[in-house]
Amino acid sequence: MKQYIIDAFTDKPFHGNPAAVCVTDRWLPDETMQAIAAENNLAETAFVVKEGDRYRIRWFTPMTEEELCGHATLAASFVILSYYEPDADEVRYTSISGELSVKRRGDLFELNFPTYELLEIPVTDEMERAYGARPEKAILGLDLNCVFENEAVVRGLNPDYTLLKTLPGRIWNATARGKEYDCISRSFTPEITVPEDPVCGSAHCQIADYWAGVLGKRIIRAYQASARGGALECEPLGNGRIALRGKAVLFAVSEIAAPLSERTE
């Protein structure tokens with residue numbers, strides 16, 4: 001089976017967020033897909049099968065199946081529109097998180113993703129100890145999104161990952177208003193093997209939605225200040241949807257030689 005490694009939300013190899021993509025004509029057993037994701041040891045491996053006029057997509061971390069992943073969806077769309085359907089300009093998906101679509105916009109790929117209800121909650125001493133700095137605000141959606149005083153604080157955070165896991169949320173995001181960008185952020189993911197997500201698309205469904213309201217801007221230019229770094233253009237669309245736009249670049253193409261028809265246990 002052919003497998004692609006794509007760096008998402010960047011136009012330069014070794015930047016952005018790497019994801020593995022496997023486009024197959026049938027579904028492999030769940031334990032086989034999980035084993036491949038563990039072998040890849042990347043934040044996400046996306047498996048895609050065409051069903052009618054759409055593709056069904058599933059995302060696996062090295063440890064578990066995820067309900068939504070932005071960068072791996074961007075990576076899968078890059079693969080499909082580059083190698084499987086090069087004359088198409090859009091990919092439509094069915095997923096555990098509902099219907100998703102990705103359109104080609106010049107050299108950008110535009111993801112149409114759901115937003116989440118955002119609720120401001122009290123800032124606590126536990127948050128301060130976990131992040132290593134006291135947030136100005138705490139916004140809870142799918143993730144915990146903590147807003148800090150400025151970009152320098154976010155860049156300098158050295159969180160306690162054990163304490164982060166005691167806080168509410170799926171992922172623990174830190175964000176602030178940016179200097180060159182509208183907002184800057186970092187996303188901490190200690191419950192998977194990658195403790196900090198290089199560029200998290202699903203987190204920006206919340207981060208960009210929040211900053212669009214605060215700044216009164218239609219389009220938010222966002223930067224994820226991880227070691228690899230990555231940029232997104234985000235536009236809340238209303239009706240619980242948001243457009244996430246970014247670039248992607250091919251890193252590698254390989255063939256999986258393991259006997260995939262057999263069970264892995």
# chains A, B, ... in the order shown; residues from 1 in each chain; ligands from 1
>>> closest_atom_pairs(of="region 87-149 of chain A", to="region 237-257 of chain A", cutoff="8 Å", atoms="only C-alpha atoms", output="tab-separated table")
residue	atom	partner	partner_atom	distance
A:Asp107	CA	A:Lys247	CA	6.5
A:Leu108	CA	A:Lys247	CA	4.9
A:Phe109	CA	A:Arg245	CA	5.4
A:Glu110	CA	A:Arg245	CA	4.3
A:Leu111	CA	A:Leu244	CA	5.0
A:Asn112	CA	A:Ala243	CA	4.8
A:Phe113	CA	A:Ile242	CA	5.4
A:Pro114	CA	A:Arg241	CA	4.4
A:Thr115	CA	A:Gly240	CA	5.1
A:Tyr116	CA	A:Gly240	CA	7.1
>>> residues_around(residues="Asp143 (chain A)", least_positions_apart="2", cutoff="10 Å", atoms="only C-alpha atoms", output="PyMOL selection string")
chain A and resi 116+118+139-141+145-146+167-173+187+202-203+206-207
>>> write_last_selection(atoms="N, CA and C atoms", output="PDB file, in the first residue's frame")
ATOM      1  N   TYR A 116     -17.185  25.540  17.373  1.00  0.00           N
ATOM      2  CA  TYR A 116     -17.693  24.977  18.623  1.00  0.00           C
ATOM      3  C   TYR A 116     -18.188  26.106  19.517  1.00  0.00           C
ATOM      4  N   LEU A 118     -18.205  28.400  22.428  1.00  0.00           N
ATOM      5  CA  LEU A 118     -17.120  28.850  23.287  1.00  0.00           C
ATOM      6  C   LEU A 118     -17.694  29.505  24.533  1.00  0.00           C
ATOM      7  N   ILE A 139     -11.173  30.203  27.797  1.00  0.00           N
ATOM      8  CA  ILE A 139     -12.319  29.948  26.936  1.00  0.00           C
ATOM      9  C   ILE A 139     -12.393  28.451  26.682  1.00  0.00           C
ATOM     10  N   LEU A 140     -13.506  27.839  27.062  1.00  0.00           N
ATOM     11  CA  LEU A 140     -13.652  26.394  26.906  1.00  0.00           C
ATOM     12  C   LEU A 140     -14.563  26.070  25.732  1.00  0.00           C
ATOM     13  N   GLY A 141     -14.040  25.325  24.793  1.00  0.00           N
ATOM     14  CA  GLY A 141     -14.823  24.759  23.696  1.00  0.00           C
ATOM     15  C   GLY A 141     -14.551  23.272  23.681  1.00  0.00           C
ATOM     16  N   ASN A 145      -8.838  26.945  25.787  1.00  0.00           N
ATOM     17  CA  ASN A 145      -8.108  27.988  25.074  1.00  0.00           C
ATOM     18  C   ASN A 145      -7.810  29.118  26.049  1.00  0.00           C
ATOM     19  N   CYS A 146      -6.561  29.214  26.469  1.00  0.00           N
ATOM     20  CA  CYS A 146      -6.185  30.229  27.438  1.00  0.00           C
ATOM     21  C   CYS A 146      -5.529  31.408  26.729  1.00  0.00           C
ATOM     22  N   LEU A 167      -6.659  19.595  33.627  1.00  0.00           N
ATOM     23  CA  LEU A 167      -7.561  20.683  33.255  1.00  0.00           C
ATOM     24  C   LEU A 167      -8.597  20.186  32.258  1.00  0.00           C
ATOM     25  N   PRO A 168      -9.733  20.881  32.143  1.00  0.00           N
ATOM     26  CA  PRO A 168     -10.741  20.454  31.169  1.00  0.00           C
ATOM     27  C   PRO A 168     -10.259  20.664  29.740  1.00  0.00           C
ATOM     28  N   GLY A 169     -10.843  19.902  28.806  1.00  0.00           N
ATOM     29  CA  GLY A 169     -10.529  20.085  27.399  1.00  0.00           C
ATOM     30  C   GLY A 169      -9.827  18.890  26.792  1.00  0.00           C
ATOM     31  N   ARG A 170      -9.830  18.848  25.467  1.00  0.00           N
ATOM     32  CA  ARG A 170      -9.176  17.792  24.700  1.00  0.00           C
ATOM     33  C   ARG A 170      -7.715  18.132  24.445  1.00  0.00           C
ATOM     34  N   ILE A 171      -7.463  19.391  24.074  1.00  0.00           N
ATOM     35  CA  ILE A 171      -6.137  19.945  23.835  1.00  0.00           C
ATOM     36  C   ILE A 171      -6.054  21.230  24.651  1.00  0.00           C
ATOM     37  N   TRP A 172      -4.831  21.606  25.059  1.00  0.00           N
ATOM     38  CA  TRP A 172      -4.655  22.798  25.882  1.00  0.00           C
ATOM     39  C   TRP A 172      -3.908  23.840  25.054  1.00  0.00           C
ATOM     40  N   ASN A 173      -4.660  24.849  24.604  1.00  0.00           N
ATOM     41  CA  ASN A 173      -4.124  25.874  23.716  1.00  0.00           C
ATOM     42  C   ASN A 173      -3.746  27.125  24.497  1.00  0.00           C
ATOM     43  N   SER A 187      -0.253  24.737  20.885  1.00  0.00           N
ATOM     44  CA  SER A 187      -1.230  23.703  21.244  1.00  0.00           C
ATOM     45  C   SER A 187      -0.502  22.536  21.891  1.00  0.00           C
ATOM     46  N   SER A 202      -7.772  21.905  13.975  1.00  0.00           N
ATOM     47  CA  SER A 202      -9.023  21.891  14.733  1.00  0.00           C
ATOM     48  C   SER A 202      -8.988  22.872  15.899  1.00  0.00           C
ATOM     49  N   ALA A 203      -7.796  23.119  16.484  1.00  0.00           N
ATOM     50  CA  ALA A 203      -7.696  24.116  17.548  1.00  0.00           C
ATOM     51  C   ALA A 203      -8.041  25.504  17.026  1.00  0.00           C
ATOM     52  N   GLN A 206     -11.469  27.091  17.007  1.00  0.00           N
ATOM     53  CA  GLN A 206     -11.851  27.817  18.216  1.00  0.00           C
ATOM     54  C   GLN A 206     -11.026  29.094  18.381  1.00  0.00           C
ATOM     55  N   ILE A 207      -9.706  28.976  18.225  1.00  0.00           N
ATOM     56  CA  ILE A 207      -8.832  30.130  18.433  1.00  0.00           C
ATOM     57  C   ILE A 207      -9.181  31.269  17.483  1.00  0.00           C
TER      58      ILE A 207
END
>>> closest_residue(among="A:Asp53, A:Glu136, A:Glu85, A:Glu65", to="Ile36 (chain A)", atoms="only C-alpha atoms")
A:Glu65
>>> closest_residue(among="A:Ala43, A:Leu119, A:Leu144, A:Cys183", to="Val199 (chain A)", atoms="only C-alpha atoms")
A:Ala43
>>> atom_distance(atom1="CA of Lys137 (chain A)", atom2="CA of Leu164 (chain A)")
16.0 Å
>>> select_by_dssp(residues="region 80-254 of chain A", states="strand (DSSP E or B)", output="mmCIF file with N, CA and C atoms, in the first residue's frame")
data_model
loop_
_atom_site.group_PDB
_atom_site.id
_atom_site.type_symbol
_atom_site.label_atom_id
_atom_site.label_comp_id
_atom_site.auth_asym_id
_atom_site.auth_seq_id
_atom_site.Cartn_x
_atom_site.Cartn_y
_atom_site.Cartn_z
ATOM 1 N N GLU A 90 -12.168 20.157 -5.583
ATOM 2 C CA GLU A 90 -12.784 19.998 -4.272
ATOM 3 C C GLU A 90 -12.838 18.529 -3.899
ATOM 4 N N VAL A 91 -12.666 18.261 -2.623
ATOM 5 C CA VAL A 91 -12.841 16.925 -2.057
ATOM 6 C C VAL A 91 -13.894 17.025 -0.964
ATOM 7 N N ARG A 92 -14.860 16.111 -1.005
ATOM 8 C CA ARG A 92 -15.877 16.056 0.045
ATOM 9 C C ARG A 92 -15.679 14.781 0.864
ATOM 10 N N TYR A 93 -15.812 14.946 2.175
ATOM 11 C CA TYR A 93 -15.556 13.837 3.087
ATOM 12 C C TYR A 93 -16.778 13.548 3.960
ATOM 13 N N THR A 94 -16.885 12.292 4.341
ATOM 14 C CA THR A 94 -17.739 11.867 5.439
ATOM 15 C C THR A 94 -16.817 11.462 6.575
ATOM 16 N N SER A 95 -17.139 11.893 7.779
ATOM 17 C CA SER A 95 -16.275 11.595 8.913
ATOM 18 C C SER A 95 -17.102 11.443 10.176
ATOM 19 N N GLY A 98 -18.954 14.504 10.968
ATOM 20 C CA GLY A 98 -19.924 14.999 9.998
ATOM 21 C C GLY A 98 -19.302 15.226 8.629
ATOM 22 N N GLU A 99 -20.001 16.023 7.821
ATOM 23 C CA GLU A 99 -19.560 16.298 6.462
ATOM 24 C C GLU A 99 -18.484 17.392 6.463
ATOM 25 N N LEU A 100 -17.403 17.138 5.741
ATOM 26 C CA LEU A 100 -16.308 18.091 5.609
ATOM 27 C C LEU A 100 -16.009 18.285 4.127
ATOM 28 N N SER A 101 -15.452 19.419 3.776
ATOM 29 C CA SER A 101 -15.040 19.637 2.394
ATOM 30 C C SER A 101 -13.758 20.453 2.370
ATOM 31 N N VAL A 102 -12.973 20.234 1.321
ATOM 32 C CA VAL A 102 -11.731 20.971 1.113
ATOM 33 C C VAL A 102 -11.683 21.403 -0.343
ATOM 34 N N LYS A 103 -11.457 22.706 -0.576
ATOM 35 C CA LYS A 103 -11.373 23.243 -1.932
ATOM 36 C C LYS A 103 -9.960 23.747 -2.204
ATOM 37 N N ARG A 104 -9.545 23.621 -3.460
ATOM 38 C CA ARG A 104 -8.285 24.197 -3.888
ATOM 39 C C ARG A 104 -8.519 25.661 -4.244
ATOM 40 N N ARG A 105 -7.740 26.566 -3.626
ATOM 41 C CA ARG A 105 -7.829 28.003 -3.878
ATOM 42 C C ARG A 105 -6.452 28.500 -4.284
ATOM 43 N N LEU A 108 -3.481 27.539 -2.109
ATOM 44 C CA LEU A 108 -4.032 27.249 -0.788
ATOM 45 C C LEU A 108 -5.074 26.143 -0.876
ATOM 46 N N PHE A 109 -5.259 25.451 0.238
ATOM 47 C CA PHE A 109 -6.344 24.498 0.380
ATOM 48 C C PHE A 109 -7.268 25.023 1.480
ATOM 49 N N GLU A 110 -8.557 25.087 1.189
ATOM 50 C CA GLU A 110 -9.529 25.654 2.119
ATOM 51 C C GLU A 110 -10.363 24.551 2.734
ATOM 52 N N LEU A 111 -10.232 24.380 4.038
ATOM 53 C CA LEU A 111 -11.000 23.389 4.786
ATOM 54 C C LEU A 111 -12.262 24.042 5.324
ATOM 55 N N ASN A 112 -13.406 23.405 5.137
ATOM 56 C CA ASN A 112 -14.665 23.863 5.708
ATOM 57 C C ASN A 112 -14.955 22.979 6.913
ATOM 58 N N PHE A 113 -14.762 23.544 8.113
ATOM 59 C CA PHE A 113 -14.815 22.764 9.349
ATOM 60 C C PHE A 113 -15.875 23.346 10.287
ATOM 61 N N PRO A 114 -16.286 22.554 11.275
ATOM 62 C CA PRO A 114 -17.241 23.073 12.267
ATOM 63 C C PRO A 114 -16.562 23.958 13.297
ATOM 64 N N LEU A 119 -17.272 29.032 25.673
ATOM 65 C CA LEU A 119 -17.788 29.516 26.948
ATOM 66 C C LEU A 119 -16.631 30.031 27.796
ATOM 67 N N GLU A 120 -16.704 31.299 28.202
ATOM 68 C CA GLU A 120 -15.660 31.825 29.089
ATOM 69 C C GLU A 120 -15.860 31.253 30.484
ATOM 70 N N ILE A 121 -14.774 30.726 31.037
ATOM 71 C CA ILE A 121 -14.810 30.135 32.378
ATOM 72 C C ILE A 121 -13.791 30.858 33.246
ATOM 73 N N LYS A 137 -7.640 35.224 30.223
ATOM 74 C CA LYS A 137 -8.963 34.650 30.042
ATOM 75 C C LYS A 137 -8.833 33.154 29.779
ATOM 76 N N ALA A 138 -9.907 32.430 30.052
ATOM 77 C CA ALA A 138 -9.970 31.008 29.735
ATOM 78 C C ALA A 138 -11.280 30.756 28.985
ATOM 79 N N ILE A 139 -11.173 30.203 27.797
ATOM 80 C CA ILE A 139 -12.319 29.948 26.936
ATOM 81 C C ILE A 139 -12.393 28.451 26.682
ATOM 82 N N LEU A 140 -13.506 27.839 27.062
ATOM 83 C CA LEU A 140 -13.652 26.394 26.906
ATOM 84 C C LEU A 140 -14.563 26.070 25.732
ATOM 85 N N LEU A 144 -9.407 23.600 25.804
ATOM 86 C CA LEU A 144 -9.252 24.737 26.704
ATOM 87 C C LEU A 144 -8.335 25.746 26.017
ATOM 88 N N ASN A 145 -8.838 26.945 25.787
ATOM 89 C CA ASN A 145 -8.108 27.988 25.074
ATOM 90 C C ASN A 145 -7.810 29.118 26.049
ATOM 91 N N CYS A 146 -6.561 29.214 26.469
ATOM 92 C CA CYS A 146 -6.185 30.229 27.438
ATOM 93 C C CYS A 146 -5.529 31.408 26.729
ATOM 94 N N VAL A 147 -6.011 32.596 27.025
ATOM 95 C CA VAL A 147 -5.555 33.832 26.387
ATOM 96 C C VAL A 147 -4.561 34.514 27.320
ATOM 97 N N TRP A 172 -4.831 21.606 25.059
ATOM 98 C CA TRP A 172 -4.655 22.798 25.882
ATOM 99 C C TRP A 172 -3.908 23.840 25.054
ATOM 100 N N ASN A 173 -4.660 24.849 24.604
ATOM 101 C CA ASN A 173 -4.124 25.874 23.716
ATOM 102 C C ASN A 173 -3.746 27.125 24.497
ATOM 103 N N ALA A 174 -2.692 27.777 24.049
ATOM 104 C CA ALA A 174 -2.298 29.086 24.569
ATOM 105 C C ALA A 174 -2.282 30.048 23.402
ATOM 106 N N THR A 175 -2.870 31.215 23.584
ATOM 107 C CA THR A 175 -2.954 32.165 22.473
ATOM 108 C C THR A 175 -2.832 33.591 22.983
ATOM 109 N N ALA A 176 -2.430 34.471 22.086
ATOM 110 C CA ALA A 176 -2.340 35.901 22.387
ATOM 111 C C ALA A 176 -2.440 36.652 21.067
ATOM 112 N N ARG A 177 -2.681 37.938 21.163
ATOM 113 C CA ARG A 177 -2.650 38.781 19.971
ATOM 114 C C ARG A 177 -1.211 38.835 19.450
ATOM 115 N N CYS A 183 -3.105 36.682 15.440
ATOM 116 C CA CYS A 183 -2.986 35.933 16.686
ATOM 117 C C CYS A 183 -1.868 34.917 16.558
ATOM 118 N N ILE A 184 -1.359 34.537 17.690
ATOM 119 C CA ILE A 184 -0.308 33.532 17.764
ATOM 120 C C ILE A 184 -0.765 32.491 18.772
ATOM 121 N N SER A 185 -0.335 31.246 18.604
ATOM 122 C CA SER A 185 -0.820 30.207 19.508
ATOM 123 C C SER A 185 0.181 29.065 19.610
ATOM 124 N N ARG A 186 -0.018 28.262 20.634
ATOM 125 C CA ARG A 186 0.650 26.969 20.779
ATOM 126 C C ARG A 186 -0.392 25.989 21.284
ATOM 127 N N SER A 187 -0.253 24.737 20.885
ATOM 128 C CA SER A 187 -1.230 23.703 21.244
ATOM 129 C C SER A 187 -0.502 22.536 21.891
ATOM 130 N N PHE A 188 -0.863 22.233 23.128
ATOM 131 C CA PHE A 188 -0.191 21.188 23.893
ATOM 132 C C PHE A 188 -1.071 19.938 23.931
ATOM 133 N N GLU A 196 3.591 18.609 21.963
ATOM 134 C CA GLU A 196 3.138 19.876 21.410
ATOM 135 C C GLU A 196 2.844 19.704 19.933
ATOM 136 N N ASP A 197 1.601 20.017 19.537
ATOM 137 C CA ASP A 197 1.203 19.881 18.143
ATOM 138 C C ASP A 197 1.879 20.978 17.328
ATOM 139 N N ILE A 220 -8.816 36.083 9.838
ATOM 140 C CA ILE A 220 -7.779 36.068 10.856
ATOM 141 C C ILE A 220 -6.540 35.374 10.298
ATOM 142 N N ARG A 221 -5.415 36.071 10.325
ATOM 143 C CA ARG A 221 -4.133 35.481 9.959
ATOM 144 C C ARG A 221 -3.488 34.970 11.239
ATOM 145 N N ALA A 222 -3.309 33.651 11.297
ATOM 146 C CA ALA A 222 -2.861 33.011 12.529
ATOM 147 C C ALA A 222 -1.519 32.330 12.324
ATOM 148 N N TYR A 223 -0.731 32.305 13.386
ATOM 149 C CA TYR A 223 0.563 31.619 13.338
ATOM 150 C C TYR A 223 0.691 30.710 14.543
ATOM 151 N N GLN A 224 1.082 29.464 14.294
ATOM 152 C CA GLN A 224 1.340 28.520 15.379
ATOM 153 C C GLN A 224 2.835 28.550 15.680
ATOM 154 N N GLY A 230 3.944 27.243 11.629
ATOM 155 C CA GLY A 230 3.006 27.096 10.529
ATOM 156 C C GLY A 230 1.989 28.220 10.533
ATOM 157 N N ALA A 231 1.465 28.539 9.329
ATOM 158 C CA ALA A 231 0.551 29.670 9.177
ATOM 159 C C ALA A 231 -0.792 29.205 8.641
ATOM 160 N N LEU A 232 -1.853 29.883 9.101
ATOM 161 C CA LEU A 232 -3.213 29.604 8.652
ATOM 162 C C LEU A 232 -3.920 30.927 8.376
ATOM 163 N N GLU A 233 -4.836 30.889 7.432
ATOM 164 C CA GLU A 233 -5.782 31.973 7.208
ATOM 165 C C GLU A 233 -7.155 31.432 7.557
ATOM 166 N N CYS A 234 -7.860 32.105 8.448
ATOM 167 C CA CYS A 234 -9.106 31.577 9.001
ATOM 168 C C CYS A 234 -10.232 32.581 8.804
ATOM 169 N N GLU A 235 -11.389 32.069 8.416
ATOM 170 C CA GLU A 235 -12.536 32.944 8.174
ATOM 171 C C GLU A 235 -13.818 32.289 8.693
ATOM 172 N N PRO A 236 -14.361 32.748 9.830
ATOM 173 C CA PRO A 236 -15.652 32.237 10.279
ATOM 174 C C PRO A 236 -16.729 32.498 9.225
ATOM 175 N N LEU A 237 -17.516 31.478 8.911
ATOM 176 C CA LEU A 237 -18.508 31.562 7.837
ATOM 177 C C LEU A 237 -19.926 31.713 8.356
ATOM 178 N N GLY A 238 -20.124 31.617 9.661
ATOM 179 C CA GLY A 238 -21.470 31.615 10.219
ATOM 180 C C GLY A 238 -22.067 30.225 10.167
ATOM 181 N N ARG A 241 -19.753 27.150 11.048
ATOM 182 C CA ARG A 241 -18.690 26.680 10.157
ATOM 183 C C ARG A 241 -17.571 27.725 10.083
ATOM 184 N N ILE A 242 -16.370 27.241 9.765
ATOM 185 C CA ILE A 242 -15.228 28.123 9.608
ATOM 186 C C ILE A 242 -14.352 27.605 8.473
ATOM 187 N N ALA A 243 -13.762 28.510 7.713
ATOM 188 C CA ALA A 243 -12.817 28.145 6.661
ATOM 189 C C ALA A 243 -11.400 28.277 7.203
ATOM 190 N N LEU A 244 -10.617 27.209 7.055
ATOM 191 C CA LEU A 244 -9.208 27.217 7.419
ATOM 192 C C LEU A 244 -8.410 27.037 6.130
ATOM 193 N N ARG A 245 -7.504 27.956 5.836
ATOM 194 C CA ARG A 245 -6.744 27.892 4.588
ATOM 195 C C ARG A 245 -5.258 27.766 4.895
ATOM 196 N N GLY A 246 -4.609 26.900 4.113
ATOM 197 C CA GLY A 246 -3.180 26.723 4.292
ATOM 198 C C GLY A 246 -2.559 26.007 3.117
ATOM 199 N N ALA A 248 0.510 23.144 1.635
ATOM 200 C CA ALA A 248 1.045 21.836 1.984
ATOM 201 C C ALA A 248 2.132 21.474 0.990
ATOM 202 N N VAL A 249 3.045 20.605 1.425
ATOM 203 C CA VAL A 249 4.155 20.204 0.579
ATOM 204 C C VAL A 249 4.438 18.718 0.796
ATOM 205 N N LEU A 250 4.782 18.030 -0.282
ATOM 206 C CA LEU A 250 5.116 16.607 -0.214
ATOM 207 C C LEU A 250 6.497 16.423 0.394
ATOM 208 N N PHE A 251 6.605 15.551 1.386
ATOM 209 C CA PHE A 251 7.892 15.190 1.954
ATOM 210 C C PHE A 251 8.389 13.848 1.421
ATOM 211 N N ALA A 252 7.505 12.830 1.389
ATOM 212 C CA ALA A 252 7.960 11.497 0.973
ATOM 213 C C ALA A 252 6.796 10.660 0.478
ATOM 214 N N VAL A 253 7.102 9.711 -0.392
ATOM 215 C CA VAL A 253 6.170 8.669 -0.835
ATOM 216 C C VAL A 253 6.852 7.333 -0.587
ATOM 217 N N SER A 254 6.120 6.403 0.021
ATOM 218 C CA SER A 254 6.702 5.098 0.324
ATOM 219 C C SER A 254 5.662 4.007 0.098
#
